[in-house]
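Single-structure report; data block below.
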Amino acid sequence: MSVVICSLLWDAARHGRQSIKYDSDGYHLVRFPYGEGDESYDPWRMHDPGKGSTRPSKYPDARSGLIWPSHDGWGLLSAMVFWEPAAKPIEYRSRYVRDPLDLTTGYDSTATTDSAPTRGGQYRTYLWQLFVHPDTPLGLKISVRGVGDVKLATPLIHAQFKLAIHTDVKTP
């Protein structure tokens with residue numbers, strides 16, 4: 001069985017701070033720089049600035065948060081998110097979203113996770129599997145909430161977003 005991979009990395013120390021701006025769904029689409037290096041890997045050009053519009057995307061615009069699957073197949077999504085320490089958050093959320101910018105097939109959230117803060121740093125990993133298609137981009141969205149469900153712009157320190165597509169899915 002063949003597997004094609006896209007692995008994206010963003011790190012505040014290397015790429016500068018990422019402004020947390022909440023979309024109408026109450027989540028921030030995590031952005032990733034274009035190009036390989038800094039552990040990013042994209043030989044299938046799934047994180048391509050030319051996809052999704054007639055004009056090329058430029059990091060950190062919203063399209064820099066998308067992975068466009070290169071093949072139909074069974075996709076394994078994984079992510080890692082680290083937040084700066086903060087006293088006000090009472091909940092950390094994440095979700096994977098098909099077409100988070102509503103460019104092709106329509107916004108479809110899946111695999112939403114929420115968790116309470118720990119006493120130490122806020123470090124999370126996430127995993128989900130689903131069928132993927134080249135015409136439907138994927139995104140990683142996050143949200144930090146305080147008392148009264150107030151959305152907090154708690155800064156990220158580090159994020160990774162990965163897609164592995166199993167391209168040889170057997171059918172009966």
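Every chain in the structure tokens takes a letter, A first, then B, and so on in the order presented; its residues are numbered from 1, and the ligands are numbered from 1 following the presented order.
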
- Task: Could you please write out, as a ChimeraX atom specification, every residue of segment 3-172 of chain A that DSSP assigns to strand (DSSP E)?
- Result: /A:3-11,28-29,66-67,73-83,91-98,108-115,122-132,138-145,151-152,156-166

- Message: Excluding segment 107-121 of chain A and its own-chain neighbours fewer than 5 positions away, which residues fall within 10 Å of it when counting only C-alpha atoms? Please give them as a count of residues only.
- Response: 37

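Of the listed residues A:Tyr27, A:Tyr22, A:Tyr41, A:Tyr123, the one whose atoms come nearest to Lys162 of chain A is A:Tyr41, with distances taken using only C-alpha atoms.
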
- Kindly give the distance, in Å, that separates atom CA of Leu66 of chain A and atom CA of Arg31 of chain A, rounded to a single decimal. 7.8 Å

Close residues, segment 48-50 of chain A itself excluded, 9 Å, only C-alpha atoms, min 6 positions apart in chain, as a PDB file with N, CA, C and O atoms, in the first residue's frame:
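Wrote it out as out_23.pdb, contents follow:
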ATOM      1  N   TYR A  34       5.022  28.449   3.728  1.00  0.00           N
ATOM      2  CA  TYR A  34       5.186  27.640   2.516  1.00  0.00           C
ATOM      3  C   TYR A  34       6.632  27.215   2.352  1.00  0.00           C
ATOM      4  O   TYR A  34       7.540  27.876   2.829  1.00  0.00           O
ATOM      5  N   GLY A  35       6.842  26.116   1.652  1.00  0.00           N
ATOM      6  CA  GLY A  35       8.177  25.614   1.372  1.00  0.00           C
ATOM      7  C   GLY A  35       8.608  24.565   2.366  1.00  0.00           C
ATOM      8  O   GLY A  35       8.074  24.462   3.468  1.00  0.00           O
ATOM      9  N   ASP A  42       6.754  18.317   1.873  1.00  0.00           N
ATOM     10  CA  ASP A  42       5.596  18.410   0.987  1.00  0.00           C
ATOM     11  C   ASP A  42       5.964  18.109  -0.467  1.00  0.00           C
ATOM     12  O   ASP A  42       5.764  18.934  -1.355  1.00  0.00           O
ATOM     13  N   PRO A  56      -1.811  33.672  -6.005  1.00  0.00           N
ATOM     14  CA  PRO A  56      -1.072  32.858  -5.035  1.00  0.00           C
ATOM     15  C   PRO A  56      -1.299  33.347  -3.605  1.00  0.00           C
ATOM     16  O   PRO A  56      -1.413  34.540  -3.350  1.00  0.00           O
ATOM     17  N   SER A  57      -1.366  32.401  -2.712  1.00  0.00           N
ATOM     18  CA  SER A  57      -1.464  32.696  -1.285  1.00  0.00           C
ATOM     19  C   SER A  57      -0.096  33.127  -0.778  1.00  0.00           C
ATOM     20  O   SER A  57       0.933  32.742  -1.329  1.00  0.00           O
ATOM     21  N   LYS A  58      -0.092  33.921   0.288  1.00  0.00           N
ATOM     22  CA  LYS A  58       1.147  34.299   0.952  1.00  0.00           C
ATOM     23  C   LYS A  58       0.952  34.083   2.444  1.00  0.00           C
ATOM     24  O   LYS A  58      -0.032  34.550   3.015  1.00  0.00           O
ATOM     25  N   TYR A  59       1.894  33.361   3.045  1.00  0.00           N
ATOM     26  CA  TYR A  59       1.853  33.171   4.490  1.00  0.00           C
ATOM     27  C   TYR A  59       1.933  34.539   5.150  1.00  0.00           C
ATOM     28  O   TYR A  59       2.743  35.361   4.722  1.00  0.00           O
ATOM     29  N   ARG A  63      -5.358  31.023   3.517  1.00  0.00           N
ATOM     30  CA  ARG A  63      -5.100  29.839   2.688  1.00  0.00           C
ATOM     31  C   ARG A  63      -3.812  29.133   3.073  1.00  0.00           C
ATOM     32  O   ARG A  63      -3.620  27.961   2.747  1.00  0.00           O
ATOM     33  N   SER A  64      -2.916  29.796   3.806  1.00  0.00           N
ATOM     34  CA  SER A  64      -1.687  29.125   4.247  1.00  0.00           C
ATOM     35  C   SER A  64      -1.969  28.118   5.360  1.00  0.00           C
ATOM     36  O   SER A  64      -1.066  27.425   5.812  1.00  0.00           O
ATOM     37  N   LEU A  66      -4.151  25.636   4.802  1.00  0.00           N
ATOM     38  CA  LEU A  66      -4.812  24.517   4.126  1.00  0.00           C
ATOM     39  C   LEU A  66      -3.836  23.460   3.621  1.00  0.00           C
ATOM     40  O   LEU A  66      -2.751  23.781   3.140  1.00  0.00           O
ATOM     41  N   ILE A  67      -4.264  22.214   3.720  1.00  0.00           N
ATOM     42  CA  ILE A  67      -3.643  21.101   3.000  1.00  0.00           C
ATOM     43  C   ILE A  67      -4.658  20.627   1.969  1.00  0.00           C
ATOM     44  O   ILE A  67      -5.814  20.348   2.314  1.00  0.00           O
ATOM     45  N   TRP A  68      -4.244  20.566   0.703  1.00  0.00           N
ATOM     46  CA  TRP A  68      -5.074  20.071  -0.391  1.00  0.00           C
ATOM     47  C   TRP A  68      -4.614  18.649  -0.701  1.00  0.00           C
ATOM     48  O   TRP A  68      -3.531  18.468  -1.272  1.00  0.00           O
TER      49      TRP A  68
END

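Residue nearest Ala13 of chain A, chosen from A:Asp149, A:Thr171, A:His158, A:Phe131 and counting only C-alpha atoms: A:His158.
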
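Going from atom CA of Pro155 of chain A over to atom CA of Ile5 of chain A, you cover 27.7 Å.
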
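Of the residues listed (A:Ala159, A:Pro60, A:Val150, A:Thr125), A:Pro60 shows the shortest atom-to-atom separation from Ser19 of chain A; distances use only C-alpha atoms.
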
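Across A:Gly16, A:Pro69, A:Thr54, A:Leu8, the tightest approach to Phe32 of chain A is made by A:Leu8 when counting only C-alpha atoms.
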
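Residue-level DSSP output for chain A, from the backbone, shows alpha helix (DSSP H) at Ala12, Ala13, Arg14 and His15 of chain A.
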
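Comparing the minimum interatomic distances between Leu103 of chain A and each of A:Asp135, A:Glu36, A:Asp11, A:Asp23, counting only C-alpha atoms, we find that A:Asp135 sits nearest.
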
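The list of residues with at least one atom within 10 Å of Ala164 of chain A, based on only C-alpha atoms and without residues fewer than 2 positions apart in the same chain, reads Ser2, Val3, Val4, Ile5, Cys6, Ser7, Pro69, Gly73, Trp74, Gly75, Leu76, Leu77, Ser78, Gln129, Lys162, His166 and Thr167 of chain A.
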